[in-house]
Amino acid sequence: MDEKDTVILRELQKNGRITAGDIAVMLEVDENEVENRIAALHAAGILRRCTAVIDYSAAGVEEVAVILSLKITPERGLGYDGIAAQIARFPQVESILLLTGTYDLQVIIRGQSMSEVSRFVAEQIASIEGVRETMTQIVMRTYKEQGVEMMRPGSRDRQLITF
Amino acid sequence: MRNFVSRMAGELPPSGIRKFFDLLLTMDNVISLGVGEPDFDTPWNISQVAISSIEKGMTMYTSNRGLAELRELLSADLDQRYHTKYCPETEMIVTTGVSEGLDIAVRAVVDPGDEVLVVDPCFVSYQAEVLMAGGRPKTLPCSAQDGFKVTPDVLMESITPKSKVLLLNFPTNPTGGVMGKDDLQAIADIIIDHDLLVISDEVYAELTYDGHHVSTAAIDGLWERTITLNGFSKAYAMTGWRLGYLCAPKEMTDAALKIHQYVMMSAPTASQFAGIEALKNGEEAKNEMIAEYRIRRNLFVKGLNDVGLPCHLPKGAFYAFPSVEGTGLSDEEFAERLLREQHVAVVPGSAFGKNGRGHVRTCYAVDRAKLSEAVRRIGIFVESLHS
Ligand SMILES: Cc1ncc(COP(=O)(O)O)c(C=O)c1O
């Protein structure tokens with residue numbers, strides 16, 4: 001990892017569809033070098049995936065998200081990792097974070113309806129051995145997601161009076 | 001009723017840019033590369049400090065020279081960045097943008113009939129400022145071959161016995177030209193030999209992409225004969241705050257201060273608090289914006305060249321100044337037809353002086369998606385001219 005890799009990662013994070021050619025122009029290097037660097041970042045497990053940030057509500061698609069907080073009894077030898085790994089296998093689970101404080105794990109879950117998500121929490125997660133307590137909070141609105149502001153006030157058109 | 005308009009105001013030429021924007025206002029879905037300002041919001045911490053200064057009731061005039069803390073920070077910042085030393089008490093004035101700094105600087109030193117050498121092409125206000133002060137603008141032709149610099153030869157040819165002031169602006173609006181240390185040193189002797197004063201507008205100083213900005217006053221022998229102007233508009237995305245500063249040896253600062261007192265009293269107070277925050281905690285946001293301009297410059301200039309508008313790689317500011325000569329259209333025709341046919345606004349180069357002819361000014365302080373769409377549309381337009 002050097003400064004150029006950092007720029008490549010930042011650019012891919014901002015826009016997963018950016019081409020190696022464009023990054024090459026930005027960095028003032030040739031395209032092959034960018035392609036090689038991207039391949040190396042992939043291989044090293046640094047660059048995991050280039051994805052999209054989607055505002056489903058803008059598309060009128062019904063979607064619910066909940067934040068599930070869990071208290072866990074750590075397993076001998078494994079700590080929290082074993083349970084986290086079990087939870088991670090479910091495709092409904094978007095992220096899992098280990099936290100300090102009252103709750104140990106914070107899990108973000110997405111689904112198409114509230115009943116689907118609550119059934120999932122009750123049947124799949126709460127029943128895992130070692131999960132002592134759960135708290136589920138419904139996400140009411142997303143203001144910012146992965147660095148993207150979802151509700152910028154209407155575009156600020158510039159006044160055309162400058163030089 | 002008689003005509004009340006003064007001769008000076010009556011004779012002042014209107015800006016070539018404004019004329020063009022009247023047409024633009026009647027159109028929609030326009031991508032404007034026409035305005036010279038950052039598209040970023042002012043970094044939020046900076047705005048926040050200004051808001052809280054208002055909430056605390058700090059809404060009076062400041063001292064005429066500006067808040068002492070702001071001048072002290074500016075003085076340290078200039079010293080650290082450009083190795084120029086100015087005493088915050090006697091050699092600096094906080095102004096209402098570089099625009100006001102330019103006005104009071106010119107009026108502080110120009111007598112009727114004095115000749116002021118201005119780079120051509122240059123920022124649209126320069127010639128008008130000189131005219132308003134009763135001076136006579138004289139142009140210093142700069143060309144793409146010279147990287148839009150002022151060369152010793154051109155300077156020598158342009159100087160006359162009436163020449164008093166040389167108005168420099170590097171990095172340059174509209175060309176993006178930059179003068180390095182050697183370039184400035186090469187003209188320093190001429191400036192000294194002909195006993196000229198330099199007014200150096202360095203508002204784009206931080207937007208220097210290759211190497212570091214060199215301040216005119218940092219060149220040996222020039223500090224004594226330079227008025228340095230700078231401000232927050234471009235580097236900190238603070239155009240609407242109207243905050244700039246003037247630095248010069250004491251006699252000239254004193255002269256400019258008299259004019260500043262009469263016309264402006266002091267720069268906006270909330271803006272000055274914002275300026276303090278910008279200097280204390282704005283470095284990172286500023287550097288991010290500059291890195292982004294550099295990326296856009298690279299992408300945009302390559303795009304222009306790819307679609308057939310030859311363009312040198314500008315080393316500073318946020319303007320690209322491609323040649324449109326190959327299209328067979330004048331710069332004015334090019335700009336007008338590009339706007340009508342493809343809804344992309346650029347400014348004809350001749351709005352910035354005779355030497356701007358055959359070029360258009362494009363500002364790439366526009367988000368990347370819009371920039372690449374603009375390149376696409378420019379490509380379609382240029383293509384249509386050939387078929
Ligand atoms: C060369 C130059 N000087 C000064 C200004 C005005 O700066 P300010 O906003 O500080 O008045 C501009 C704005 O476009 C400029 O291009």
# chains A, B, ... in the order shown; residues from 1 in each chain; ligands from 1
>>> residues_near_ligand(ligand="ligand 1", cutoff="10 Å", atoms="only C-alpha atoms and all ligand atoms", output="PyMOL selection string")
(chain A and resi 162-163) or (chain B and resi 35-38+95-102+122-126+168-174+200-204+229-234+237-245+317-319)
>>> write_last_selection(atoms="N, CA and C atoms", output="tab-separated table (two decimals), in the first residue's frame")
chain	number	residue	atom	x	y	z
A	162	THR	N	-20.88	35.38	-11.39
A	162	THR	CA	-19.47	35.51	-11.05
A	162	THR	C	-18.60	35.54	-12.30
A	163	PHE	N	-17.37	35.91	-12.10
A	163	PHE	CA	-16.42	35.98	-13.19
A	163	PHE	C	-15.52	34.76	-13.20
B	35	VAL	N	-18.76	29.64	-14.86
B	35	VAL	CA	-18.51	30.47	-13.69
B	35	VAL	C	-17.22	30.07	-12.99
B	36	GLY	N	-16.53	31.05	-12.45
B	36	GLY	CA	-15.23	30.78	-11.85
B	36	GLY	C	-15.30	30.64	-10.35
B	37	GLU	N	-16.00	29.62	-9.89
B	37	GLU	CA	-16.01	29.42	-8.45
B	37	GLU	C	-16.13	27.94	-8.12
B	38	PRO	N	-15.66	27.56	-6.92
B	38	PRO	CA	-15.72	26.15	-6.53
B	38	PRO	C	-17.17	25.67	-6.48
B	95	THR	N	-9.76	42.46	3.67
B	95	THR	CA	-10.62	43.16	2.71
B	95	THR	C	-11.88	42.35	2.39
B	96	THR	N	-12.79	43.02	1.72
B	96	THR	CA	-14.03	42.36	1.31
B	96	THR	C	-13.76	41.64	-0.02
B	97	GLY	N	-13.08	40.54	0.10
B	97	GLY	CA	-12.66	39.79	-1.09
B	97	GLY	C	-11.42	40.41	-1.72
B	98	VAL	N	-10.82	39.64	-2.60
B	98	VAL	CA	-9.69	40.17	-3.38
B	98	VAL	C	-10.20	41.32	-4.25
B	99	SER	N	-11.46	41.25	-4.61
B	99	SER	CA	-12.04	42.31	-5.44
B	99	SER	C	-11.82	43.69	-4.81
B	100	GLU	N	-12.15	43.80	-3.52
B	100	GLU	CA	-11.93	45.10	-2.88
B	100	GLU	C	-10.44	45.38	-2.72
B	101	GLY	N	-9.67	44.34	-2.40
B	101	GLY	CA	-8.23	44.51	-2.25
B	101	GLY	C	-7.62	45.09	-3.53
B	102	LEU	N	-8.09	44.58	-4.65
B	102	LEU	CA	-7.61	45.05	-5.94
B	102	LEU	C	-7.97	46.52	-6.14
B	122	CYS	N	-6.51	38.23	-19.22
B	122	CYS	CA	-6.53	38.33	-17.76
B	122	CYS	C	-7.95	38.39	-17.24
B	123	PHE	N	-8.04	38.32	-15.92
B	123	PHE	CA	-9.29	38.44	-15.18
B	123	PHE	C	-10.01	39.71	-15.64
B	124	VAL	N	-11.32	39.60	-15.87
B	124	VAL	CA	-12.05	40.70	-16.50
B	124	VAL	C	-12.04	42.02	-15.72
B	125	SER	N	-11.81	41.97	-14.41
B	125	SER	CA	-11.89	43.22	-13.64
B	125	SER	C	-10.68	44.13	-13.81
B	126	TYR	N	-9.57	43.57	-14.23
B	126	TYR	CA	-8.33	44.36	-14.15
B	126	TYR	C	-8.37	45.65	-14.94
B	168	LEU	N	0.07	41.44	-11.83
B	168	LEU	CA	0.28	40.01	-12.12
B	168	LEU	C	-0.80	39.17	-11.44
B	169	ASN	N	-1.08	38.05	-12.04
B	169	ASN	CA	-2.05	37.11	-11.46
B	169	ASN	C	-1.61	35.70	-11.82
B	170	PHE	N	-0.87	35.12	-10.90
B	170	PHE	CA	-0.45	33.72	-11.11
B	170	PHE	C	-0.77	32.91	-9.88
B	171	PRO	N	-1.34	31.71	-10.04
B	171	PRO	CA	-1.93	31.12	-11.23
B	171	PRO	C	-3.01	32.02	-11.84
B	172	THR	N	-3.16	31.92	-13.13
B	172	THR	CA	-3.94	32.89	-13.88
B	172	THR	C	-5.36	32.43	-14.18
B	173	ASN	N	-6.29	33.35	-13.98
B	173	ASN	CA	-7.61	33.24	-14.55
B	173	ASN	C	-7.54	34.10	-15.82
B	174	PRO	N	-7.76	33.59	-17.00
B	174	PRO	CA	-8.46	32.36	-17.39
B	174	PRO	C	-7.57	31.22	-17.89
B	200	SER	N	0.21	41.91	-7.09
B	200	SER	CA	0.22	40.48	-7.38
B	200	SER	C	-1.02	39.83	-6.79
B	201	ASP	N	-1.94	39.45	-7.66
B	201	ASP	CA	-3.19	38.81	-7.24
B	201	ASP	C	-2.94	37.30	-7.18
B	202	GLU	N	-2.85	36.78	-5.97
B	202	GLU	CA	-2.48	35.37	-5.81
B	202	GLU	C	-3.64	34.55	-5.23
B	203	VAL	N	-4.84	34.92	-5.64
B	203	VAL	CA	-6.03	34.26	-5.08
B	203	VAL	C	-6.07	32.76	-5.41
B	204	TYR	N	-5.36	32.36	-6.48
B	204	TYR	CA	-5.33	30.93	-6.83
B	204	TYR	C	-4.07	30.22	-6.33
B	229	LEU	N	-2.10	40.40	-3.00
B	229	LEU	CA	-3.52	40.21	-2.72
B	229	LEU	C	-3.81	38.72	-2.66
B	230	ASN	N	-4.60	38.36	-1.69
B	230	ASN	CA	-5.01	36.95	-1.61
B	230	ASN	C	-6.35	36.89	-0.89
B	231	GLY	N	-6.93	35.70	-0.83
B	231	GLY	CA	-8.24	35.61	-0.20
B	231	GLY	C	-8.68	34.18	-0.02
B	232	PHE	N	-9.88	34.04	0.49
B	232	PHE	CA	-10.40	32.73	0.88
B	232	PHE	C	-11.32	32.12	-0.17
B	233	SER	N	-11.72	32.91	-1.16
B	233	SER	CA	-12.78	32.47	-2.08
B	233	SER	C	-12.52	31.12	-2.72
B	234	LYS	N	-11.35	30.97	-3.29
B	234	LYS	CA	-11.13	29.82	-4.15
B	234	LYS	C	-10.66	28.60	-3.36
B	237	ALA	N	-13.34	27.43	-0.84
B	237	ALA	CA	-14.73	27.43	-1.32
B	237	ALA	C	-15.56	28.42	-0.53
B	238	MET	N	-15.10	29.66	-0.49
B	238	MET	CA	-15.78	30.67	0.32
B	238	MET	C	-16.10	31.93	-0.49
B	239	THR	N	-16.53	31.74	-1.73
B	239	THR	CA	-16.75	32.93	-2.59
B	239	THR	C	-17.76	33.91	-1.99
B	240	GLY	N	-18.84	33.36	-1.44
B	240	GLY	CA	-19.90	34.25	-0.97
B	240	GLY	C	-19.60	34.96	0.35
B	241	TRP	N	-18.51	34.59	0.98
B	241	TRP	CA	-18.20	35.21	2.28
B	241	TRP	C	-17.55	36.57	2.11
B	242	ARG	N	-17.01	36.82	0.93
B	242	ARG	CA	-16.34	38.08	0.61
B	242	ARG	C	-15.20	38.38	1.58
B	243	LEU	N	-14.20	37.56	1.53
B	243	LEU	CA	-13.08	37.71	2.46
B	243	LEU	C	-11.74	37.58	1.73
B	244	GLY	N	-10.96	38.64	1.84
B	244	GLY	CA	-9.64	38.64	1.22
B	244	GLY	C	-8.67	39.43	2.08
B	245	TYR	N	-7.46	39.64	1.58
B	245	TYR	CA	-6.52	40.46	2.33
B	245	TYR	C	-5.47	41.06	1.41
B	317	ALA	N	-4.89	27.22	-10.84
B	317	ALA	CA	-6.29	27.69	-10.86
B	317	ALA	C	-7.22	26.52	-11.23
B	318	PHE	N	-8.46	26.82	-11.64
B	318	PHE	CA	-9.30	25.69	-12.07
B	318	PHE	C	-9.94	25.94	-13.42
B	319	TYR	N	-9.11	26.50	-14.31
B	319	TYR	CA	-9.59	26.76	-15.66
B	319	TYR	C	-8.74	26.02	-16.68
>>> residues_around(residues="region 68-80 of chain B", least_positions_apart="6", cutoff="6 Å", atoms="only C-alpha atoms", output="ChimeraX atom specification")
/B:86,88,276
>>> write_last_selection(atoms="N, CA, C and O atoms", output="PDB file, in the first residue's frame")
ATOM      1  N   TYR B  86       4.987  39.557   6.612  1.00  0.00           N
ATOM      2  CA  TYR B  86       4.222  40.796   6.723  1.00  0.00           C
ATOM      3  C   TYR B  86       3.832  40.996   8.175  1.00  0.00           C
ATOM      4  O   TYR B  86       3.385  40.050   8.836  1.00  0.00           O
ATOM      5  N   PRO B  88       1.479  41.893  10.981  1.00  0.00           N
ATOM      6  CA  PRO B  88       0.012  41.942  11.020  1.00  0.00           C
ATOM      7  C   PRO B  88      -0.535  43.307  11.439  1.00  0.00           C
ATOM      8  O   PRO B  88      -1.644  43.666  11.079  1.00  0.00           O
ATOM      9  N   ILE B 276     -10.835  32.805  10.395  1.00  0.00           N
ATOM     10  CA  ILE B 276      -9.988  32.311  11.490  1.00  0.00           C
ATOM     11  C   ILE B 276     -10.098  30.790  11.584  1.00  0.00           C
ATOM     12  O   ILE B 276      -9.098  30.073  11.670  1.00  0.00           O
TER      13      ILE B 276
END
>>> atom_distance(atom1="CA of Arg297 (chain B)", atom2="CA of Ser271 (chain B)")
29.3 Å
>>> closest_residue(among="B:Leu299, B:Val5, B:Ala374, B:Ala335", to="chain A", atoms="only C-alpha atoms")
B:Leu299
>>> atom_distance(atom1="CA of Arg107 (chain B)", atom2="CA of Phe148 (chain B)")
26.8 Å
